[in-house]
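A quick write-up on the structure given underneath.
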2 protein chains.
Amino acid sequence: MYRSNTCGELRISDVGKTVTLAGWVQRSRKLGGMTFIDLRDRYGITQLVVEADAPAELVETATGLGREFVIQVKGEVVERSSKNSRIPTGDIEIRVETINILNKSLTPPFTIEDQSDGGEDIRAQYRYLDLRRGPLKRALELRHRLAHEIRNYLDSKGFLEIETPYLIKSTPEGARDFVVPSRMNPGQFYALPQSPQTFKQLLMVAGYDRYFQIVRCFRDEDLRADRQPEFTQIDCEMSFVEQEDVLNTFEGMMRTLFKNVLNVDIPNPMPRMSWYDAMDNYGSDKPDVRFGMTIHEITTLAQGHGFGVFDSVPYVGAIAVPGAAAYTRKQTDELTEWVKRPQVGAKGLVYIKLNEDGSIKSSVDKFFSEEDLKAIATATEAKTGDLVLVLCGQKRKTQTQLGVLRLEMGQRLGLRDPKVFAPLWIVDFPLLEWSEEDGRFYAMHHPFTAPKPEHLDWFYSNKKEDLERVCANAYDFVLNGNELGGGSIRIHEAAMQERMFEVLGISKEEAEYKFGFIINAFKFGAPPHGGLAFGFDRTCALFGGQETIRDYIAFPKNNQGRDVMIDAPSKIDDVQMEELCLASTVKENA
Amino acid sequence: MYRSNTCGELRISDVGKTVTLAGWVQRSRKLGGMTFIDLRDRYGITQLVVEADAPAELVETATGLGREFVIQVKGEVVERSSKNSRIPTGDIEIRVETINILNKSLTPPFTIEDQSDGGEDIRAQYRYLDLRRGPLKRALELRHRLAHEIRNYLDSKGFLEIETPYLIKSTPEGARDFVVPSRMNPGQFYALPQSPQTFKQLLMVAGYDRYFQIVRCFRDEDLRADRQPEFTQIDCEMSFVEQEDVLNTFEGMMRTLFKNVLNVDIPNPMPRMSWYDAMDNYGSDKPDVRFGMTIHEITTLAQGHGFGVFDSVPYVGAIAVPGAAAYTRKQTDELTEWVKRPQVGAKGLVYIKLNEDGSIKSSVDKFFSEEDLKAIATATEAKTGDLVLVLCGQKRKTQTQLGVLRLEMGQRLGLRDPKVFAPLWIVDFPLLEWSEEDGRFYAMHHPFTAPKPEHLDWFYSNKKEDLERVCANAYDFVLNGNELGGGSIRIHEAAMQERMFEVLGISKEEAEYKFGFIINAFKFGAPPHGGLAFGFDRTCALFGGQETIRDYIAFPKNNQGRDVMIDAPSKIDDVQMEELCLASTVKENA
C-alpha cells in the first residue's frame, strides 16, 4: 500500500502521528520560504508543508511539483497555525519529510476545481480529468450509493436481481433498435434491448415473482437534449399483485432512498393524482407540485362578453402568478411572445393585473368590466398583486400550454428549488388515445397494459366514448416535474389481450407477427403481474439537485451520440466488414 | 395481493389459519374421493386437499385442473395425517374452500420437475418453462445472492460501482469485437466492450481509487463448449496498491462469499503457488488441488537405459494413480489411446504397475530392471497398488499432457468432488512468452502488466534468457481447476511502458495507433494501480457445484450463439439496413 491514510481522514486527534499519503497536487505555493501543497485524493484534500529549513533536496523537489503530479509523501501530522474551517482536514497539516514523485503530469487543459475554467467540449474530450473535479466525483458517489440502497431495499423485499440478455431480437415497433451483425450467422442481426420488458414478463411466466435489475437500455433515437443512446433503468416486475401492491412497494423504495441517502422525509403516504386532475390543474402528466399556481378553467366566465377569441373556443384557462401584477408592458409583451414560440404554440396571451392599489388592469378591458375581471381573478384564486395569465383553445392543448407557462413562471419566481422534493404518483391514465389523424386508438402505455377491472364494461363496449373513458392500471412516479418512472399491471389473460388487439385495430396475423412469441409463452400459465421501471440516470441527477443527467454518467455521449473522449463511433476495417458480410453504402466525400 | 402467504412458508404452527395461496399446479391426484393438489411457487410447494364432501362445483373445478394452471385458493391450514418430511411445508395441507383459476395452461412440452424428461433443445426453446424447475431456480437465486454479497463486501471496503459504457470503440487487437452500426454517424460503428479494461484504468487516472462493476462483456469468438458471446464479469481496479493489497482484498471477498453463501471456510491465508510450480507439479496454470497425484520429473531416472523414446527427449514425467495397479491390459490400452487423442496429443504412454503382491509390471520391462522401476515409483511417491503413468517430450508440453491425464484420472477416481472447494492464487507468472514461430516476445497477460520490481534488471537486459525469466506482478484466482479470475499490477510510468513496447517489438507508431488514447491519458498523472476481474458466470456455477455455466444464466445462447427461445439473431428489414447505410453481401440460397 502506498499510503497509511487518505487525504480526507486526518484530524486534530492525529497530531503527532507519522503518516504516508498519496495523491495529486491540487496546487502549491511558496510563502516565506515554506512550500505549501494541497494534496488531493478521492477522499479530500490535506495540506502539506515543506519547511524553509528542510533539506535542500526536499525543498527543490517540492518546488518542482506541477499541478496534478502524483506524489507520495511521508511526514508528521501537525496542528495548523491558521486553520481552514472549510475542509474537514483543515485543522492539521503534514510536515513533509520525504516526497516521492510517483508520476509527473502534463499541465491539464483546464483547472481541476469545482468551478473549472474549461468549456464543455474540452472537458468532454478529457473526461478522465473532468472526473477529478468535486461535482462529478460527488455525482458518481451518489450514483453508487443510490444503486446500493436500491439493491438492499429490493433484496430485503425478496426481489431477485436477474440479468437479462443484451444480444436479443429486433422488435418491429417503437423506437429504433441498435443492431449488432452476427458473424456466425451471416446476414442476421442481434438487437440491443430498449428495455428488458419481454424478458421480465417471461420471468413472471417462469415464476420468479419479484424481479428487478439495474440494467442498461439502448435506444437509437435522434437525440434530444439530455438524452443518451445508452441509459440505465431500474427495472422491476412482480406477480400475484394488484396496482396497490406495486405502488406501496416502490413508494417504500423511494422513501428509503430519500431517507437513507438524503435524509429527507417524503410524505407518507405519498400523494396520488389522477391523470385527469394532473392535466386539468397542471397541464401536464408530470406536474411539478413544488408550487401552486394551478390552472383554472374559466370558460364560462370568459365567454359571452363579445370577445371573439374566447367565444370561439371550447376552453379558456388561467393561472394566477403571485406578485407579478407589477409586470411592465414590456414584460407582458415579452411573455406574449414567449407563449407564441413554436415550443409553446399559443396564439396569444391575455393578462389581468390585480394591482396593489386595488385597481384591475387587463389586456381585454374593452370586453370585460372590472366585475367580470374580478370574478375571473377570484376563480383563479388570484390575490392583490398577482398577475392572471389566460390562454384559450382546444382543452388539452391549452392546458398543456398553460402548464408550460406555469413552469416558466415558477422558474422565474424561483419556486423550483432543486433541494425541495415533491414526489407523487400519477394514476388512472386513460388506457387508450384516439388518433384523429389515423382514425384509430393507440395504447397510451403499451398494448399489454390492463384496463381497470371496474371499467371492463366500457372496455368491451363498441362506443368510442366508452372506450375513451376506460382507465388503465398504469402509474407514473413523478418528481419535481420529471417522470422518473412508470409502469402498469399487465394483461395476463388471452381473451382480454385479444380484445385489446381488436380495440387497437391489430389483426390476429399482425399480433402474431409482432407479439407471437410472448403471446405463446403466456399460454403456459401466466400469473397476474405488473411492474414498473425508473430512469436511473435522472433519478441520480434529481437526487443530486441537478436537472441534467450528464454529470451523473461516468462516460456520457454528446448530443450526436459520440463519445468524444475515445472518438467513437468510428470506422472499422475492411476485413471486419467482410467477416460480417457487410458493405457500406455511404458514399465517400459525399 | 393475490395471496396471504407463499407456498413455502406455512408450518404446523399455522394450523387453524385461513390463508390464500396462489401458484402453479405441480400435480394433482384423486384418492378415495379426495383431490390432492401440489401448489408450487418460487418459495416451495404446499399440498392442497379438496375433500370428497366439498361442494360439487369445487370438486369439479379441482378435478379439471391441469398441470401448470395458475390458481388462487382459499382454505384452512390443517395438519396432515401422512406427513412429508422432504418438504418444509410437509406437516400441513390446505383444506380448500374456494379455487379461482387465474389462468389455464397448455400441457407443457416437458415435465417441470427437478429431473425433467425434456431434451436440451426443447428446454432451451421453452426456457421460460425450464426456468420453473428447481435446479434453475436455485441457480438464479444463488447468482442473485452472490452478486449481492459481492456488492456488500466491496461497498464495505470503499469501492464504488461505476457503470462504464457499452457503446465504445472497436479495438484493433485481441478477440473479435461485436460492432454496432451508428445510424447518426453513417459508415461508423460502435463496438461492444470485451471488458471495461480501458475505462477502469481511466477511472484510476481520474482518481476513483477503488472501482468495481458487475458488468456484461462481449466477445465474438467461435464458441467453444460452455462459452457465451455475452458474459458477466466482476471487474475491479485499485490505486496506490501493490500486488499484496489486491490479493488480500479479493481473498477477503472470496472468503466472505464462501462463508456467507455456502457456509464454507476456506484456508486463511489462501494457498499461493508460483506459475512455475503449478506447471511443474500440475501441468496446468489452473491446477485442481482437490487431490494430489502431482507430476514428478523422472528424466534422470528414465534416461540411459537404452529406451530410445526416453533417451531422445528433454523431459520425462510421471504421475502415480492411487489404487489403479489392477488396471487390465484393456484399460491401459484404452488409456494409451486416450492420451494419443489430438485433444491430449501424447505420442504414447508408459505404465508401471505396483501390484498388491509386491511385484512390479511395466510396459518397458525390456529396458528397466525392477530396481530401476522401483526407483521411478519412489520418485513419483507411488505406493503398492498404484499405477504410474509416464509421458515424455518437450518439458512444458509434456507437463501439460500429464496435467490433462491427471485430471482425467482424478475424475475417474471420483477425486473431483464439486462440493469440495480448493481455491488458490497462482502468482509469479512470466511477463513474456517467446514465440518461436514469430521470433518475438508476446505479453503473457497484456502489454500494460508490470514486471516485478525485483526483476527490473532483467527487464531492461537485452538477453533473451534474462527477459524470459522476468516475472510479472500478475495473479490468477483458481478454484477446482478453473481460472475464476485474474489480473495484474499495471505499468503506470511512461518510460517503463515504452520499454515494454520495445521488448514486444511494437514500434512507436504502432503503439500510438493501437494504444495512443490511453497512453495519452496516462501523461496526466496516472497513479500506481492494479486490479483483476472474475468470471461471474463460472463463479456462480462452481459455487453451485456445477461445471457448466448455462444453468446459471437466465437466458443463455447456444453453441452457435443463438437464442433459440426468441430466435435471435435474425434478419432485419431493408428499411433498417438502408437507414444504417449497410448492404448485406450474403448471397441468398448460396
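How things are named: the first chain in the C-alpha cells is A, the next is B, and so on; residues count from 1 in each chain; ligands count from 1 in the order shown.
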| task | Would you kindly report the residues of chain B within 6 Å of chain A, using only C-alpha atoms, as a PyMOL selection string? | result | chain B and resi 1-2+42+68-70+103-106+128-129+131-132+144+160-161+168-169+179-180+187-190+202+206-207+240-242+523-525+568-571+581-586
| task | Compare A:Gly414, A:Gly505, A:Gly393, A:Gly75 by their minimum atom-to-atom distance to A:Pro322, counting only C-alpha atoms, and give me the closest one. | result |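 Using only C-alpha atoms, A:Pro322 sits closest to A:Gly414.
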| field | Atom-to-atom span, atom CA of B:Ser284 and atom CA of B:Lys200, Å | value |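 Rounded to one decimal, the two atoms are 29.4 Å apart.
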| message | Using DSSP secondary structure from the backbone, list all strand (DSSP E) positions within stretch 133-252 of chain A, as a count of residues only. | response | 27
| message | Between B:Asp365, B:Ala225, B:Gly90, B:Leu39, which residue has the minimum interatomic distance to B:Gly66, considering only C-alpha atoms? | response |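 With only C-alpha atoms as the atom set, the closest residue is B:Leu39.
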| said: DSSP on the backbone, alpha helix (DSSP H) only: what residues of stretch 323-560 of chain A does that give? Format it as a PyMOL selection string. | reply: chain A and resi 329-340+370-379+395-412+456-459+464-468+494-503+508-521+536-543
| message | So the first atom is atom CA of A:Gln26 and the second is atom CA of A:Asp53; what is the distance between them in Å, to one decimal place? | response |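 Separation between atom CA of A:Gln26 and atom CA of A:Asp53: 23.4 Å.
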| message | With only C-alpha atoms as the counted atoms, please give the residues lying no more than 12 Å from A:Glu79, apart from itself and same-chain residues fewer than 3 positions off, as an NGL selection string. | response | :A and (10-17 or 47-49 or 76 or 82-84 or 89-95)
| message | Residues near B:Ile266, anyone? I mean within 12 Å using only C-alpha atoms, not counting same-chain ones fewer than 3 positions away, as a list in words. | response |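 Everything that qualifies: Glu251, Gly252, Met253, Met254, Arg255, Thr256, Leu257, Phe258, Lys259, Asn260, Leu262, Asn263, Pro269, Met270, Pro271, Val420, Phe421, Ala422, Pro423, Leu424 and Leu479 of chain B.
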| task | For B:Trp425, list every protein, DNA or RNA residue within 10 Å, evaluated using only C-alpha atoms, and leave out those in the same chain fewer than 5 positions away; present the list as a PyMOL selection string. | result | chain B and resi 247+251+270-275+286+475-479+483+485-486
Export N, CA and C atoms of the chosen residues as a JSON list (two decimals), in the first residue's frame?
```
[["chain", "number", "residue", "atom", "x", "y", "z"],
["B", 247, "LEU", "N", -4.35, -8.89, -3.70],
["B", 247, "LEU", "CA", -4.62, -10.28, -3.30],
["B", 247, "LEU", "C", -5.38, -10.33, -1.98],
["B", 251, "GLU", "N", -9.03, -11.90, -1.77],
["B", 251, "GLU", "CA", -9.08, -13.11, -0.95],
["B", 251, "GLU", "C", -10.16, -12.92, 0.12],
["B", 270, "MET", "N", -5.12, -17.97, 2.06],
["B", 270, "MET", "CA", -5.35, -18.89, 0.96],
["B", 270, "MET", "C", -3.99, -19.33, 0.39],
["B", 271, "PRO", "N", -3.90, -20.59, -0.06],
["B", 271, "PRO", "CA", -2.61, -21.02, -0.62],
["B", 271, "PRO", "C", -2.23, -20.20, -1.86],
["B", 272, "ARG", "N", -0.94, -20.04, -2.06],
["B", 272, "ARG", "CA", -0.42, -19.42, -3.27],
["B", 272, "ARG", "C", 0.57, -20.37, -3.91],
["B", 273, "MET", "N", 0.63, -20.32, -5.20],
["B", 273, "MET", "CA", 1.54, -21.21, -5.90],
["B", 273, "MET", "C", 2.13, -20.42, -7.06],
["B", 274, "SER", "N", 3.43, -20.55, -7.26],
["B", 274, "SER", "CA", 4.01, -19.85, -8.41],
["B", 274, "SER", "C", 3.58, -20.56, -9.69],
["B", 275, "TRP", "N", 3.54, -19.81, -10.75],
["B", 275, "TRP", "CA", 3.20, -20.38, -12.06],
["B", 275, "TRP", "C", 4.13, -21.54, -12.38],
["B", 286, "LYS", "N", -3.83, -23.60, -13.94],
["B", 286, "LYS", "CA", -5.03, -23.55, -13.09],
["B", 286, "LYS", "C", -5.24, -24.92, -12.45],
["B", 475, "TYR", "N", -1.56, -12.26, -11.39],
["B", 475, "TYR", "CA", -2.08, -13.28, -10.49],
["B", 475, "TYR", "C", -3.40, -13.80, -11.02],
["B", 476, "ASP", "N", -3.63, -15.07, -10.79],
["B", 476, "ASP", "CA", -4.90, -15.70, -11.15],
["B", 476, "ASP", "C", -5.52, -16.31, -9.92],
["B", 477, "PHE", "N", -6.85, -16.22, -9.84],
["B", 477, "PHE", "CA", -7.58, -16.91, -8.79],
["B", 477, "PHE", "C", -8.11, -18.21, -9.39],
["B", 478, "VAL", "N", -7.69, -19.31, -8.80],
["B", 478, "VAL", "CA", -8.03, -20.62, -9.35],
["B", 478, "VAL", "C", -8.87, -21.40, -8.34],
["B", 479, "LEU", "N", -9.93, -22.01, -8.85],
["B", 479, "LEU", "CA", -10.80, -22.81, -7.98],
["B", 479, "LEU", "C", -11.10, -24.13, -8.67],
["B", 483, "GLU", "N", -9.85, -21.32, -13.81],
["B", 483, "GLU", "CA", -9.39, -19.96, -13.56],
["B", 483, "GLU", "C", -10.63, -19.10, -13.42],
["B", 485, "GLY", "N", -10.55, -15.97, -12.06],
["B", 485, "GLY", "CA", -10.25, -14.57, -12.21],
["B", 485, "GLY", "C", -8.77, -14.34, -12.35],
["B", 486, "GLY", "N", -8.43, -13.15, -12.72],
["B", 486, "GLY", "CA", -7.02, -12.83, -12.84],
["B", 486, "GLY", "C", -6.83, -11.36, -13.06]]
```
| request: Just the residues within 10 Å of A:Ala326, please, counting only C-alpha atoms, with nothing from its chain fewer than 4 positions along; format it as a ChimeraX atom specification. | output: /A:331-332,353-356,385-387
Can you write out the residues you just picked, keeping C-alpha atoms, as a tab-separated table (two decimals), in the first residue's frame?
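Heads up, here's the output in selection-v7.tsv:
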```tsv
chain	number	residue	atom	x	y	z
A	331	GLN	CA	-42.63	42.24	-19.68
A	332	THR	CA	-46.15	41.19	-20.62
A	353	LYS	CA	-53.24	42.62	-13.29
A	354	LEU	CA	-54.55	42.88	-9.75
A	355	ASN	CA	-52.62	45.97	-8.81
A	356	GLU	CA	-51.51	46.62	-5.26
A	385	GLY	CA	-50.60	41.92	-6.51
A	386	ASP	CA	-50.99	38.83	-8.71
A	387	LEU	CA	-50.93	38.60	-12.46
```
| task | Just give me the gap between atom CA of A:Glu51 and atom CA of A:Gly134 in Å, one decimal is fine. | result |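 Value for the atom CA of A:Glu51-atom CA of A:Gly134 distance: 29.0 Å.
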Contact residues around B:Cys236 with only C-alpha atoms at 8 Å, ignoring same-chain residues under 3 positions, as a tab-separated table (two decimals) with N, CA, C and O atoms, in the first residue's frame:
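result38.tsv was written with the following content:
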```tsv
chain	number	residue	atom	x	y	z
B	200	LYS	N	-11.65	1.26	-16.84
B	200	LYS	CA	-11.31	1.18	-15.42
B	200	LYS	C	-9.94	1.79	-15.17
B	200	LYS	O	-9.73	2.43	-14.13
B	210	ARG	N	-10.91	3.05	-5.88
B	210	ARG	CA	-11.45	1.70	-5.66
B	210	ARG	C	-12.72	1.57	-6.50
B	210	ARG	O	-13.78	2.05	-6.10
B	211	TYR	N	-12.58	0.94	-7.63
B	211	TYR	CA	-13.69	0.79	-8.58
B	211	TYR	C	-14.07	-0.67	-8.69
B	211	TYR	O	-13.22	-1.56	-8.65
B	212	PHE	N	-15.36	-0.92	-8.83
B	212	PHE	CA	-15.77	-2.25	-9.29
B	212	PHE	C	-17.03	-2.11	-10.12
B	212	PHE	O	-17.70	-1.07	-10.12
B	213	GLN	N	-17.35	-3.19	-10.80
B	213	GLN	CA	-18.56	-3.24	-11.58
B	213	GLN	C	-18.86	-4.70	-11.88
B	213	GLN	O	-17.96	-5.46	-12.23
B	531	GLY	N	-5.47	-4.36	-10.69
B	531	GLY	CA	-6.80	-4.87	-10.43
B	531	GLY	C	-6.95	-6.28	-10.93
B	531	GLY	O	-5.96	-6.97	-11.18
B	532	LEU	N	-8.17	-6.68	-11.05
B	532	LEU	CA	-8.45	-8.00	-11.57
B	532	LEU	C	-9.91	-8.10	-11.96
B	532	LEU	O	-10.69	-7.18	-11.72
B	533	ALA	N	-10.23	-9.21	-12.59
B	533	ALA	CA	-11.63	-9.46	-12.96
B	533	ALA	C	-11.92	-10.93	-12.73
B	533	ALA	O	-11.05	-11.79	-12.95
```
